[in-house]
Structures are given as structure tokens and as C-alpha cells.
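Written below as C-alpha cells is the structure these notes are about.
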Amino acid sequence: MAPYESDDTTTAGEAGEPRTGRRRAARYVVPVTVMGVAAATIGLVPAIASSGDPDLPEITAAQLIEKIAQSDVERLSGTVKITTDLGLPDLGGLESGLMSGAAERGGDDGSSADPSAKLTELASGTHTLRIAADGPDRQKVSILENAAEYSLIHNGADVWGYDSKSNEVYHGTVDASGEAREQRPPATPRDFAEEALKAVDDTTSVTVDGTAQVAGRDAYKLVVEPKQSGSTVGAISIAVDHETGMPLKFTLTPSSGGAAVVDVGFTKVDFGAPAASTFEFTPPKGAKVTEGEPEHDREHSGKPERAPKSEEDLAKGLDGMKTLGKGWNTIATFDGGAGGGLPTGDAGGDLGGFVDSLGDRVKGEFGTGTVFSTRLINALLTEDGTVYVGAVTKDALVKAADAGK
Amino acid sequence: MSRAEAVRGASPLWTLGLFRNELLTTFRRWRTLALLGVLAAVPVLVGVAVRIETGDGPSGGGGGGGPAFISQITNNGLFLVFTALAATLPFFLPMAIGVIAGDALAGEANAGTLRYLLVAPAGRTRLLLTKYATVMVFCLVATLVVAVSALITGALLFPLGDLTTLSGTRIGFAEGLGRALLIALVVAASLTGVAALGLFVSTLTHSGIAAMATTVGLLITVQILDQIPQLHALHPYLFSHHWLSFADLMREPVHWDDLTKNLGLQALYAAVFGSAAWARFTTKDINA
């Protein structure tokens, strides 16, 4: 601005019309330039930052899996961004209303700080989590919300859940220190990666696909793909830290293309020990504290204490479940309830119509049924009440139903 | 005020004198005092309302509705500072800024005093900078008025002591006070974008009322746009989008991502609309 300084006071009086006009236009160049530079910076900086994959020594897929298995990172703190897009109908406020209603009905202890009620929220949308761990006895996961936070803290024998929005506290205990990891739902890329690698068998192809930078660290990219067709899983990509063997990013893309169904990755990670105060928790004054059932009682209470990690876990929870097929195309089938299952268009009147509107009618040798689809899991409900569920395409479900007849 | 003796144009002392003059003029106006009074009343209202509602003794766990931090107020009066800022930031504070910023130049033009200001050897650029600095000081004062009023109300009505951060860790009262001050500063900085926008609008018109109304209207429009989910691609560029990120200062450790985004965005708005205001004001015909 300085060069114009001396002109300022005289501008109004001096200079003919055309010159003033040009000067006027010239001055507006400044705000436009500022905006342009800002736009360019916003557009270019991520492109520059992401360009250039790091140079790392070659590694085979088997070696990389071995590296993950041997990874013994016990101390870390970091920020994780988790995005899930299962393609469930977006019910907006209704959904959360139903959820809180369900939590309310879950018993008198329907505390908003109860981990099982809270963590279902992670199943959709984008969330930022903070993770800190110091050995097997002390971990902390926090879900960052708008001007609030939900923290789940495991410190020795205690498990604390703290919901800062409602100022409610949940307190549970664990018998053995090792169990805390199990108690936690999958939240870190490592949890997801371990589940994915469990599924690796002869129906899977595992390759190393170059390198990438994740959270400022050099990482190998491991790609896990189903060999069979018919799976809704397109590919799973896992970025593995080259030093520690710790999975830093997990991305599951559906075979139908489009955005990732699950995308979990560190945006910041530090392998130093977190401050001890991170894991200390005393309920704030006036907070409502809900005592959880002891661990061993919970096992039998039938209350889901964590999200089912895989179909195997789900299978355990349902009686009379059979599995068809193998590998990625495994389909679970069970009797969906006595007497014809859900009402459908012909029989159920308005309700049947509503149910139908959520799914697609399909016909096959097995008869007719309704397919409910998400981007990852499809389910077929036949007229006689049999349910077929799997991470497979609609056609594969119909084939399985035909074969089952 | 030795304006006559001032060295023509260049002396920084002279600029300081102009700035002091502006400050005094602004803060002596009844309008300004009334705005500050309204802002000071908000925390008192919130505090009294919470106190009456929980009169039977602290119950805790108020369900989680209402502005941020409201459920913690009964247990620690310091939280009233955060609640009050969260309650005033979306509307009351920026509205007050809009009034002061919108009036800054258009008001002078309206009253016919702008040309007298320019007769003095100030230079238009310097006058504009002085006006902007005055509006910024008002941002800070307005925020501090809310914070201090909330602190006094909180201390009178509720207990004080150690506080629990959003992340569940504990910090001492002194550190809590420090964070409250930091939050007030961040809130004041969050308003610089609106201030620049208001000043730009103020250079466009000769009517103070029109400038104020336009600024406040833009403020409301932006807030509405920020609520429409279909426009989410636009949201990160709206000046009000990251306003409530000041709450991230209450996490342990502090989560800086959104805070830096907010401050960067405010700086961008200040740069764009500040330079636009300069381009307009330095080339405009002043005849009022």
C-alpha cells in the first residue's frame, strides 16, 4: 500500500475522468489478487504435498504381512479420521432419534456415556478420533464432537466413559488387563487391518502397491483383493508404516466403485509415550455416574458390548446360523422368524409396502424375495422367512438361495 | 490533542493521535455503550436461568441440549464464560461488530463529517486503517465484556474450582482461567472477518443505517447458508463456519486443526475485504 500513500489526499481533485477510471480498476486488482493467491494456495498445496511417493526398499507382500504381525507398538498418540459410507438410507435426525430411543429402552442405565450406545455413532459419517496408548493397561479413545467430546479411558482395572456434552460418566471394570483391547470396538487402522488379514486365504490376492505418505510418515501400501467375483468388496488398501510395521491407513473400496465404504487413517501420529495425565480420570463434580455390569456378567447378558467385528462374530450371536460358500463370498443364512418373515406388499398392507420400498423384489427358483442392499452388505429375505446375508452382490445372493432350495 | 502541530502526513505519533481520537469517539457513543450493555446482560441471563432451573441443588447431566458447556455450569462457574461466548458468538457479537464497522465510514459520511476528517492531513489509507483498528479494538472489548461479565456472574452464582476438560482430564483453576482468556482472544480474532466485511460495506454507501443493515443481513445469510447441508462444499469458506472451534481449546491436548483453519480464514477475509475497502475508499468521490 505504501507507494500510493502520498497520492491519497490528492486523488479526488486531480486527474481527468479516464485516468481516474483506470486507477480505480487498478486498485481492485489488489483484493482480486489476494483472493486468487488464496485460491491457488488452497488448490495447489495439497497437490504438492501429496506428490512424490517416498522411496523405500522393495518388500514382498509376505514380508509386509510379517512386519505387521511383528509390530509391537505399545505407545502412541495420534488423531484418526474415520469415514464410513455404508450407503444406508440417510435418515438424518430421525436416525439419531431412533438411536437415542433405543439406548433409552436398553434399560434404566441408559446413560449417554455407555460405550455401547455411543460407539454405534461411528457407523456412519465422518468422525475425528483421538487415540492414546501406553502399554496394555492404559488406552484412551476420544470421539471429537462439536464443542464436546466422548472419551473412553482404560486405566488399569477401570474403564471410564465420559460424555462431556451431557456431563455423564460410565464406569466399568475389567478383570484381566488384557481384555481391554477386546472391549474396545475397532477404531484404529490397525484393528481394521488385523480383521482384513485374518480373512486372507487362497481366495485372496495380496500385493504390495508402491508407497505412500500417511500422517507425515513413509509407508508401504498393501492391497488385499478377493480373487472370486461376486463379492461387493473391491479392494482393501492398507498403508503400513515402514519403521514400526504399524498400519496407518485402511481403505475399503466397494467393487461397485465410488467412494470408500470405510476409510480409517491417522492424520497425526506420534510413537512417544503420552503424558500420564491423559489416562487419569476422576468423575467431575456433579456428573451422573452409571456403573456398568462387571465384565463376566456382561458376556451372558446378551447385550452387545461392541460392534460385531466380522461375520463370524455375528454368526455367533444368532442361533441357527449356517454359512454357505467360502472366503469373501461367504453367505450367512438363518431363519428370519416364524411365519413368513416380514410382511411384504401382497400381505402386509401399508407396512408391507413400506418394507418393499426399502428393498428390491427379486424372483428366482427359490420363489420371490426382497433384497435390501447397502454398499457393502446385501441381504435377501425370502417369502418363507429365510434370510441370506453377505458381502456379496445381489446375483450371488439369489444364486445361493436357489442352491439352498 | 495537538493536531495542528503534527508533522504533515508521516508522523506515527500523529496516527496514534488519530487512533486515540477515533477510539474515544466510538466508545463515548451511547450506541456503543448500549451494545456493550446488552452483551454484558447475556451471561447474566444465562447464569440466572441455569441457577433458577437447578435451584434444588446441582443435579448434573442436563441431557446435553442448549449451547455448549451448559451442563457443566452448575458445577463450575468458569464454564459460564465458555457457554456465554458460545451463546453470543453466532449472533450478538457479530451483530454488534456489524453495527460498529458498518457505521465506521458510512456514518461519518452520513453526518457530513467525513470530509472534515479528510481535510486533516491524515490520508485516506491511514484513516481506513485507523477505522479498522478501532473496530478490532471493539471486537476485543466486546468479547472481554462478555467474558468478564460471565466470570463475575459465574463466581457469584456457582462454585469455582478445578475443572474437567472436554477430554476428561483435570486442570487447575488458574490454568482454566488462562484458557478462558485464550478463548476470549480467539473469539475476538474470529470476528475480524466480519469486521473487514462491515468496513468494506461501509465504504460503499453514504448511509450508516444501510451499511449496518447490509452487514447484519450478510451475517444472517451466511449463517443460514452454513446450515444447508446441500451446500457443504461451500461451508469451509464461510467466515462463520469454524467459529465454534474455540471449544477445541478446552480439549487436552488442544486440537489445533480447526482453530488454525478458523484463524487462517479470518485473515483471508480481512485481507480480501480490507483491500477491497481500501480500493473503494481511496478512489471514491467524497462529497458528504
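How things are named: the first chain in the C-alpha cells is A, the next is B, and so on; residues count from 1 in each chain; ligands count from 1 in the order shown.
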Using only C-alpha atoms, tabulate the residues of chain A lying at most 7 Å from any atom of chain B, each with its closest atom pair and that distance in Å to one decimal, by chain and increasing residue number, as CSV.
```
residue,atom,partner,partner_atom,distance
A:Glu5,CA,B:Thr125,CA,6.9
A:Asp8,CA,B:Gly123,CA,5.5
A:Thr9,CA,B:Gly123,CA,5.3
A:Thr11,CA,B:Thr283,CA,6.9
A:Ala12,CA,B:Asp285,CA,6.0
A:Arg24,CA,B:Thr283,CA,5.8
A:Arg27,CA,B:Ala279,CA,4.9
A:Tyr28,CA,B:Ala279,CA,5.4
A:Val30,CA,B:Ser275,CA,6.3
A:Pro31,CA,B:Val272,CA,4.8
A:Val34,CA,B:Val272,CA,6.0
A:Met35,CA,B:Val272,CA,6.3
A:Ala147,CA,B:Ala247,CA,5.0
A:Ala148,CA,B:Leu166,CA,6.0
A:Glu149,CA,B:Leu166,CA,5.6
A:Ser151,CA,B:Ser167,CA,6.1
A:Tyr162,CA,B:Gly168,CA,6.5
A:Ser164,CA,B:Leu166,CA,5.5
A:Lys165,CA,B:Gly64,CA,5.1
A:Ser166,CA,B:Gly64,CA,4.1
A:Asn167,CA,B:Gly61,CA,5.1
A:Glu168,CA,B:Gly61,CA,5.7
A:Ser277,CA,B:Thr169,CA,6.9
A:Thr278,CA,B:Thr169,CA,6.4
A:Glu280,CA,B:Thr169,CA,6.5
A:Phe281,CA,B:Thr169,CA,5.9
A:Pro284,CA,B:Thr164,CA,6.2
A:Lys285,CA,B:Asn75,CA,6.1
A:Gly286,CA,B:Gly60,CA,5.0
A:Ala287,CA,B:Gly60,CA,5.2
A:Lys288,CA,B:Gly61,CA,6.0
```
Q | Shell around range 106-110 of chain B at 8 Å using only C-alpha atoms, local window under 2 positions removed, as a list in words | A | Gly102, Asp103, Ala104, Gly112, Thr113, Leu114, Arg115, Ser202, Thr203, Leu204, Thr205, His206, Ser207, Gly208, Ile209, Ala211 and Ala288 of chain B
Q: Considering only C-alpha atoms, return as number ranges by chain whatever protein or nucleic-acid residues lie within 10 Å of Gly216 in chain A, sequence-local ones (same chain, fewer than 4 positions apart) excluded.
A: A: 49, 212, 266-269
Just to be explicit: take each residue in the selection above, keep all heavy atoms, and write the result as a tab-separated table (two decimals), in the first residue's frame.
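Wrote result.tsv, looks like this:
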```tsv
chain	number	residue	atom	x	y	z
A	49	ALA	N	1.92	-31.33	-1.69
A	49	ALA	CA	2.25	-32.11	-0.51
A	49	ALA	C	2.11	-33.61	-0.78
A	49	ALA	O	2.85	-34.42	-0.26
A	49	ALA	CB	1.36	-31.70	0.65
A	212	ALA	N	3.44	-44.70	0.06
A	212	ALA	CA	2.63	-43.50	0.25
A	212	ALA	C	3.08	-42.80	1.51
A	212	ALA	O	3.80	-43.38	2.33
A	212	ALA	CB	1.16	-43.87	0.34
A	266	PHE	N	-4.69	-42.41	10.18
A	266	PHE	CA	-4.11	-41.41	11.08
A	266	PHE	C	-3.88	-40.13	10.30
A	266	PHE	O	-3.44	-40.16	9.14
A	266	PHE	CB	-2.77	-41.90	11.60
A	266	PHE	CG	-2.88	-42.86	12.74
A	266	PHE	CD1	-2.74	-44.22	12.54
A	266	PHE	CD2	-3.14	-42.40	14.02
A	266	PHE	CE1	-2.85	-45.10	13.60
A	266	PHE	CE2	-3.25	-43.27	15.09
A	266	PHE	CZ	-3.10	-44.63	14.88
A	267	THR	N	-4.22	-39.01	10.89
A	267	THR	CA	-3.83	-37.75	10.30
A	267	THR	C	-2.62	-37.19	11.04
A	267	THR	O	-1.93	-36.31	10.55
A	267	THR	CB	-4.97	-36.72	10.35
A	267	THR	OG1	-5.44	-36.64	11.69
A	267	THR	CG2	-6.10	-37.13	9.43
A	268	LYS	N	-2.42	-37.71	12.25
A	268	LYS	CA	-1.26	-37.32	13.04
A	268	LYS	C	-0.91	-38.53	13.89
A	268	LYS	O	-1.80	-39.17	14.42
A	268	LYS	CB	-1.63	-36.16	13.98
A	268	LYS	CG	-0.96	-34.87	13.63
A	268	LYS	CD	-1.35	-33.80	14.63
A	268	LYS	CE	-1.84	-32.57	13.93
A	268	LYS	NZ	-3.08	-32.06	14.48
A	269	VAL	N	0.35	-38.84	14.00
A	269	VAL	CA	0.71	-39.96	14.86
A	269	VAL	C	2.07	-39.69	15.47
A	269	VAL	O	2.94	-39.07	14.87
A	269	VAL	CB	0.69	-41.29	14.07
A	269	VAL	CG1	1.76	-41.34	13.01
A	269	VAL	CG2	0.80	-42.48	15.00
```
Q | In range 206-308 of chain A, DSSP strand (DSSP E) residues written as a PyMOL selection string | A | chain A and resi 206-214+217-226+233-241+247-254+262-270+288-291
Q.
If you run DSSP on the backbone here, which positions in range 232-265 of chain B get helix (DSSP H, G or I)? Please write them as a PyMOL selection string.
A. chain B and resi 235-237+243-250+256-265
Q | Surrounding residues of Ala403 in chain A excluding itself and chain neighbours under 2 positions, 12 Å, only C-alpha atoms, as a ChimeraX atom specification | A | /A:324-325,331,364-366,388,396-401,405
Include N, CA, C and O atoms and write out the residues we just selected as a CSV table (one decimal), in the first residue's frame.
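Output file again.csv follows:
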```
chain,number,residue,atom,x,y,z
A,324,LEU,N,-22.8,-70.4,3.9
A,324,LEU,CA,-22.6,-71.0,2.6
A,324,LEU,C,-21.4,-70.4,1.9
A,324,LEU,O,-21.1,-69.2,2.1
A,325,GLY,N,-20.8,-71.1,1.0
A,325,GLY,CA,-19.7,-70.6,0.3
A,325,GLY,C,-18.4,-70.4,1.1
A,325,GLY,O,-18.4,-70.8,2.3
A,331,ILE,N,-21.8,-66.6,2.6
A,331,ILE,CA,-23.1,-66.0,2.8
A,331,ILE,C,-23.7,-66.7,4.1
A,331,ILE,O,-23.6,-67.9,4.2
A,364,GLY,N,-36.6,-65.9,-8.2
A,364,GLY,CA,-35.7,-67.0,-8.6
A,364,GLY,C,-36.3,-68.3,-8.4
A,364,GLY,O,-37.5,-68.4,-8.2
A,365,GLU,N,-35.5,-69.4,-8.5
A,365,GLU,CA,-36.1,-70.7,-8.3
A,365,GLU,C,-36.6,-70.9,-6.9
A,365,GLU,O,-37.5,-71.7,-6.6
A,366,PHE,N,-36.0,-70.1,-6.0
A,366,PHE,CA,-36.5,-70.3,-4.6
A,366,PHE,C,-37.8,-69.6,-4.4
A,366,PHE,O,-38.4,-69.7,-3.3
A,388,TYR,N,-30.7,-64.4,3.8
A,388,TYR,CA,-29.3,-64.7,3.3
A,388,TYR,C,-28.6,-63.3,3.4
A,388,TYR,O,-29.0,-62.3,2.8
A,396,ALA,N,-25.3,-63.0,-6.6
A,396,ALA,CA,-24.7,-64.1,-5.8
A,396,ALA,C,-25.7,-64.6,-4.7
A,396,ALA,O,-25.8,-65.8,-4.4
A,397,LEU,N,-26.4,-63.6,-4.1
A,397,LEU,CA,-27.4,-64.0,-3.1
A,397,LEU,C,-28.5,-64.9,-3.7
A,397,LEU,O,-28.9,-65.9,-3.1
A,398,VAL,N,-29.0,-64.4,-4.8
A,398,VAL,CA,-30.1,-65.2,-5.5
A,398,VAL,C,-29.6,-66.6,-5.8
A,398,VAL,O,-30.3,-67.6,-5.6
A,399,LYS,N,-28.4,-66.7,-6.3
A,399,LYS,CA,-27.8,-68.0,-6.7
A,399,LYS,C,-27.7,-68.9,-5.4
A,399,LYS,O,-28.1,-70.1,-5.5
A,400,ALA,N,-27.3,-68.3,-4.3
A,400,ALA,CA,-27.1,-69.0,-3.1
A,400,ALA,C,-28.5,-69.5,-2.6
A,400,ALA,O,-28.7,-70.7,-2.2
A,401,ALA,N,-29.5,-68.7,-2.8
A,401,ALA,CA,-30.9,-69.1,-2.4
A,401,ALA,C,-31.4,-70.2,-3.3
A,401,ALA,O,-32.0,-71.1,-2.8
A,405,LYS,N,-32.3,-74.2,-2.0
A,405,LYS,CA,-33.7,-74.7,-2.2
A,405,LYS,C,-33.7,-76.2,-2.3
A,405,LYS,O,-32.9,-76.8,-3.1
```
Q.
To one decimal place in Å, what is the distance between CA of Ala39 in chain A and CA of Gln213 in chain A?
A. 24.3 Å
**Q.** Residue neighbourhood Val141 in chain B, 12 Å, only C-alpha atoms, exclusion window fewer than 3 positions, as number ranges by chain
**A.** B: 23, 26-27, 32-33, 35-37, 39-40, 93, 96-97, 134-138, 144-149, 184-185, 187-189, 191
Please save N, CA and C atoms of the selected residues as a JSON list (two decimals), in the first residue's frame.
```json
[["chain", "number", "residue", "atom", "x", "y", "z"],
["B", 23, "LEU", "N", -10.98, 6.08, 18.90],
["B", 23, "LEU", "CA", -11.39, 5.20, 19.98],
["B", 23, "LEU", "C", -12.33, 5.92, 20.93],
["B", 26, "THR", "N", -15.70, 6.56, 19.38],
["B", 26, "THR", "CA", -16.50, 5.35, 19.28],
["B", 26, "THR", "C", -17.05, 4.91, 20.63],
["B", 27, "PHE", "N", -16.15, 4.86, 21.62],
["B", 27, "PHE", "CA", -16.58, 4.31, 22.91],
["B", 27, "PHE", "C", -17.38, 5.30, 23.74],
["B", 32, "THR", "N", -22.69, 2.58, 21.29],
["B", 32, "THR", "CA", -21.66, 1.61, 21.65],
["B", 32, "THR", "C", -21.88, 1.09, 23.06],
["B", 33, "LEU", "N", -22.15, 2.02, 23.96],
["B", 33, "LEU", "CA", -22.34, 1.62, 25.35],
["B", 33, "LEU", "C", -23.55, 0.71, 25.50],
["B", 35, "LEU", "N", -24.77, -1.30, 23.20],
["B", 35, "LEU", "CA", -24.40, -2.61, 22.66],
["B", 35, "LEU", "C", -23.62, -3.41, 23.70],
["B", 36, "LEU", "N", -22.64, -2.77, 24.32],
["B", 36, "LEU", "CA", -21.83, -3.46, 25.33],
["B", 36, "LEU", "C", -22.71, -3.88, 26.51],
["B", 37, "GLY", "N", -23.67, -3.03, 26.85],
["B", 37, "GLY", "CA", -24.58, -3.37, 27.95],
["B", 37, "GLY", "C", -25.39, -4.62, 27.64],
["B", 39, "LEU", "N", -24.57, -6.97, 25.56],
["B", 39, "LEU", "CA", -23.65, -8.11, 25.58],
["B", 39, "LEU", "C", -23.36, -8.56, 27.00],
["B", 40, "ALA", "N", -23.20, -7.59, 27.91],
["B", 40, "ALA", "CA", -22.91, -7.94, 29.30],
["B", 40, "ALA", "C", -24.10, -8.61, 29.96],
["B", 93, "LEU", "N", -22.53, -11.02, 19.20],
["B", 93, "LEU", "CA", -21.21, -10.40, 19.00],
["B", 93, "LEU", "C", -21.02, -9.89, 17.57],
["B", 96, "ALA", "N", -23.08, -6.80, 16.87],
["B", 96, "ALA", "CA", -22.50, -5.58, 17.44],
["B", 96, "ALA", "C", -21.35, -5.08, 16.58],
["B", 97, "ILE", "N", -20.51, -6.03, 16.12],
["B", 97, "ILE", "CA", -19.38, -5.65, 15.27],
["B", 97, "ILE", "C", -19.90, -5.05, 13.97],
["B", 134, "THR", "N", -9.82, 0.52, 15.11],
["B", 134, "THR", "CA", -10.84, 0.84, 16.11],
["B", 134, "THR", "C", -11.87, -0.28, 16.20],
["B", 135, "VAL", "N", -12.32, -0.77, 15.04],
["B", 135, "VAL", "CA", -13.30, -1.85, 15.03],
["B", 135, "VAL", "C", -12.73, -3.10, 15.69],
["B", 136, "MET", "N", -11.44, -3.38, 15.41],
["B", 136, "MET", "CA", -10.79, -4.54, 16.03],
["B", 136, "MET", "C", -10.75, -4.39, 17.54],
["B", 137, "VAL", "N", -10.42, -3.19, 18.01],
["B", 137, "VAL", "CA", -10.40, -2.97, 19.45],
["B", 137, "VAL", "C", -11.80, -3.21, 20.01],
["B", 138, "PHE", "N", -12.80, -2.78, 19.26],
["B", 138, "PHE", "CA", -14.17, -3.02, 19.73],
["B", 138, "PHE", "C", -14.46, -4.53, 19.80],
["B", 144, "LEU", "N", -14.35, -9.34, 25.64],
["B", 144, "LEU", "CA", -13.93, -9.32, 27.03],
["B", 144, "LEU", "C", -15.08, -8.93, 27.95],
["B", 145, "VAL", "N", -15.95, -8.04, 27.47],
["B", 145, "VAL", "CA", -17.11, -7.65, 28.28],
["B", 145, "VAL", "C", -17.97, -8.89, 28.56],
["B", 146, "VAL", "N", -18.21, -9.69, 27.53],
["B", 146, "VAL", "CA", -18.99, -10.91, 27.72],
["B", 146, "VAL", "C", -18.29, -11.84, 28.69],
["B", 147, "ALA", "N", -16.97, -12.04, 28.47],
["B", 147, "ALA", "CA", -16.22, -12.98, 29.30],
["B", 147, "ALA", "C", -16.19, -12.54, 30.75],
["B", 148, "VAL", "N", -15.90, -11.26, 30.98],
["B", 148, "VAL", "CA", -15.77, -10.77, 32.36],
["B", 148, "VAL", "C", -17.13, -10.80, 33.05],
["B", 149, "SER", "N", -18.16, -10.39, 32.33],
["B", 149, "SER", "CA", -19.49, -10.43, 32.91],
["B", 149, "SER", "C", -19.88, -11.87, 33.27],
["B", 184, "ALA", "N", -11.23, -16.19, 24.84],
["B", 184, "ALA", "CA", -11.76, -14.86, 24.55],
["B", 184, "ALA", "C", -10.98, -14.21, 23.40],
["B", 185, "LEU", "N", -9.65, -14.39, 23.43],
["B", 185, "LEU", "CA", -8.83, -13.81, 22.37],
["B", 185, "LEU", "C", -9.15, -14.45, 21.02],
["B", 187, "VAL", "N", -11.97, -15.84, 20.18],
["B", 187, "VAL", "CA", -13.30, -15.38, 19.77],
["B", 187, "VAL", "C", -13.20, -13.99, 19.15],
["B", 188, "ALA", "N", -12.40, -13.12, 19.80],
["B", 188, "ALA", "CA", -12.22, -11.77, 19.25],
["B", 188, "ALA", "C", -11.61, -11.84, 17.86],
["B", 189, "ALA", "N", -10.62, -12.73, 17.70],
["B", 189, "ALA", "CA", -9.97, -12.88, 16.39],
["B", 189, "ALA", "C", -10.94, -13.44, 15.36],
["B", 191, "LEU", "N", -13.79, -12.61, 14.91],
["B", 191, "LEU", "CA", -14.69, -11.57, 14.44],
["B", 191, "LEU", "C", -14.03, -10.62, 13.44]]
```
Q. Quick one: distance from CA of Ser255 in chain A to CA of Phe372 in chain A in Å, one decimal?
A. 17.3 Å
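Using only C-alpha atoms for every distance, the candidate list A:Ala25, A:Ile153, A:Val289, A:Ala273 yields A:Val289 as the residue closest to Ser112 in chain A.
The spacing separating CA of Ile131 in chain A from CA of Leu222 in chain A amounts to 23.0 Å.
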Do you know which residues are at most 9 Å from Val392 in chain A counting only C-alpha atoms, after dropping those on the same chain fewer than 3 positions away, and could you put them as a PDB file with N, CA, C and O atoms, in the first residue's frame?
```
ATOM      1  N   SER A 229     -15.169 -63.486  -8.139  1.00  0.00           N
ATOM      2  CA  SER A 229     -16.090 -62.413  -8.459  1.00  0.00           C
ATOM      3  C   SER A 229     -17.339 -62.623  -7.606  1.00  0.00           C
ATOM      4  O   SER A 229     -17.530 -63.687  -7.030  1.00  0.00           O
ATOM      5  N   GLY A 230     -18.159 -61.629  -7.537  1.00  0.00           N
ATOM      6  CA  GLY A 230     -19.389 -61.764  -6.766  1.00  0.00           C
ATOM      7  C   GLY A 230     -19.323 -61.103  -5.410  1.00  0.00           C
ATOM      8  O   GLY A 230     -20.333 -60.924  -4.749  1.00  0.00           O
ATOM      9  N   SER A 231     -18.117 -60.713  -4.974  1.00  0.00           N
ATOM     10  CA  SER A 231     -18.007 -60.020  -3.696  1.00  0.00           C
ATOM     11  C   SER A 231     -18.256 -58.530  -3.899  1.00  0.00           C
ATOM     12  O   SER A 231     -17.924 -57.983  -4.956  1.00  0.00           O
ATOM     13  N   THR A 232     -18.851 -57.891  -2.915  1.00  0.00           N
ATOM     14  CA  THR A 232     -19.039 -56.449  -3.004  1.00  0.00           C
ATOM     15  C   THR A 232     -17.766 -55.704  -2.617  1.00  0.00           C
ATOM     16  O   THR A 232     -17.678 -54.498  -2.785  1.00  0.00           O
ATOM     17  N   VAL A 233     -16.806 -56.448  -2.049  1.00  0.00           N
ATOM     18  CA  VAL A 233     -15.545 -55.818  -1.674  1.00  0.00           C
ATOM     19  C   VAL A 233     -14.677 -55.698  -2.914  1.00  0.00           C
ATOM     20  O   VAL A 233     -14.375 -56.697  -3.563  1.00  0.00           O
ATOM     21  N   TRP A 328     -14.350 -64.768   0.577  1.00  0.00           N
ATOM     22  CA  TRP A 328     -15.036 -63.485   0.557  1.00  0.00           C
ATOM     23  C   TRP A 328     -16.513 -63.638   0.230  1.00  0.00           C
ATOM     24  O   TRP A 328     -17.307 -62.758   0.506  1.00  0.00           O
ATOM     25  N   ASN A 329     -16.856 -64.747  -0.433  1.00  0.00           N
ATOM     26  CA  ASN A 329     -18.240 -64.914  -0.861  1.00  0.00           C
ATOM     27  C   ASN A 329     -19.085 -65.675   0.148  1.00  0.00           C
ATOM     28  O   ASN A 329     -20.146 -66.187  -0.189  1.00  0.00           O
ATOM     29  N   THR A 330     -18.605 -65.768   1.378  1.00  0.00           N
ATOM     30  CA  THR A 330     -19.374 -66.448   2.406  1.00  0.00           C
ATOM     31  C   THR A 330     -20.719 -65.755   2.596  1.00  0.00           C
ATOM     32  O   THR A 330     -20.794 -64.525   2.684  1.00  0.00           O
ATOM     33  N   ILE A 331     -21.766 -66.566   2.604  1.00  0.00           N
ATOM     34  CA  ILE A 331     -23.101 -66.021   2.828  1.00  0.00           C
ATOM     35  C   ILE A 331     -23.662 -66.678   4.076  1.00  0.00           C
ATOM     36  O   ILE A 331     -23.606 -67.904   4.213  1.00  0.00           O
ATOM     37  N   LEU A 376     -22.068 -52.329   0.994  1.00  0.00           N
ATOM     38  CA  LEU A 376     -21.156 -53.420   1.322  1.00  0.00           C
ATOM     39  C   LEU A 376     -21.913 -54.729   1.568  1.00  0.00           C
ATOM     40  O   LEU A 376     -21.558 -55.765   1.040  1.00  0.00           O
ATOM     41  N   ILE A 377     -22.928 -54.673   2.376  1.00  0.00           N
ATOM     42  CA  ILE A 377     -23.661 -55.873   2.772  1.00  0.00           C
ATOM     43  C   ILE A 377     -25.006 -55.889   2.047  1.00  0.00           C
ATOM     44  O   ILE A 377     -25.724 -54.887   2.038  1.00  0.00           O
ATOM     45  N   ASN A 378     -25.342 -57.033   1.467  1.00  0.00           N
ATOM     46  CA  ASN A 378     -26.668 -57.217   0.902  1.00  0.00           C
ATOM     47  C   ASN A 378     -27.373 -58.326   1.659  1.00  0.00           C
ATOM     48  O   ASN A 378     -26.743 -59.258   2.144  1.00  0.00           O
ATOM     49  N   ALA A 379     -28.678 -58.221   1.749  1.00  0.00           N
ATOM     50  CA  ALA A 379     -29.449 -59.243   2.443  1.00  0.00           C
ATOM     51  C   ALA A 379     -30.660 -59.595   1.603  1.00  0.00           C
ATOM     52  O   ALA A 379     -31.297 -58.726   1.004  1.00  0.00           O
ATOM     53  N   VAL A 389     -27.451 -63.325   4.076  1.00  0.00           N
ATOM     54  CA  VAL A 389     -26.698 -62.078   4.239  1.00  0.00           C
ATOM     55  C   VAL A 389     -25.249 -62.291   3.865  1.00  0.00           C
ATOM     56  O   VAL A 389     -24.657 -63.307   4.234  1.00  0.00           O
ATOM     57  N   ASP A 395     -26.913 -60.806  -7.243  1.00  0.00           N
ATOM     58  CA  ASP A 395     -26.985 -62.038  -8.030  1.00  0.00           C
ATOM     59  C   ASP A 395     -26.446 -63.231  -7.244  1.00  0.00           C
ATOM     60  O   ASP A 395     -27.010 -64.319  -7.280  1.00  0.00           O
ATOM     61  N   ALA A 396     -25.340 -63.016  -6.553  1.00  0.00           N
ATOM     62  CA  ALA A 396     -24.743 -64.100  -5.792  1.00  0.00           C
ATOM     63  C   ALA A 396     -25.702 -64.568  -4.700  1.00  0.00           C
ATOM     64  O   ALA A 396     -25.782 -65.762  -4.391  1.00  0.00           O
ATOM     65  N   LEU A 397     -26.443 -63.631  -4.117  1.00  0.00           N
ATOM     66  CA  LEU A 397     -27.415 -63.984  -3.083  1.00  0.00           C
ATOM     67  C   LEU A 397     -28.520 -64.853  -3.670  1.00  0.00           C
ATOM     68  O   LEU A 397     -28.924 -65.862  -3.085  1.00  0.00           O
TER      69      LEU A 397
END
```
Q.
Neighbouring residues of Ala259 in chain A were defined as those with any atom within 12 Å, considering only C-alpha atoms; residues of the same chain fewer than 5 positions away were excluded. Please report them as a PyMOL selection string.
A. chain A and resi 83-87+234-235+251-254+375-376
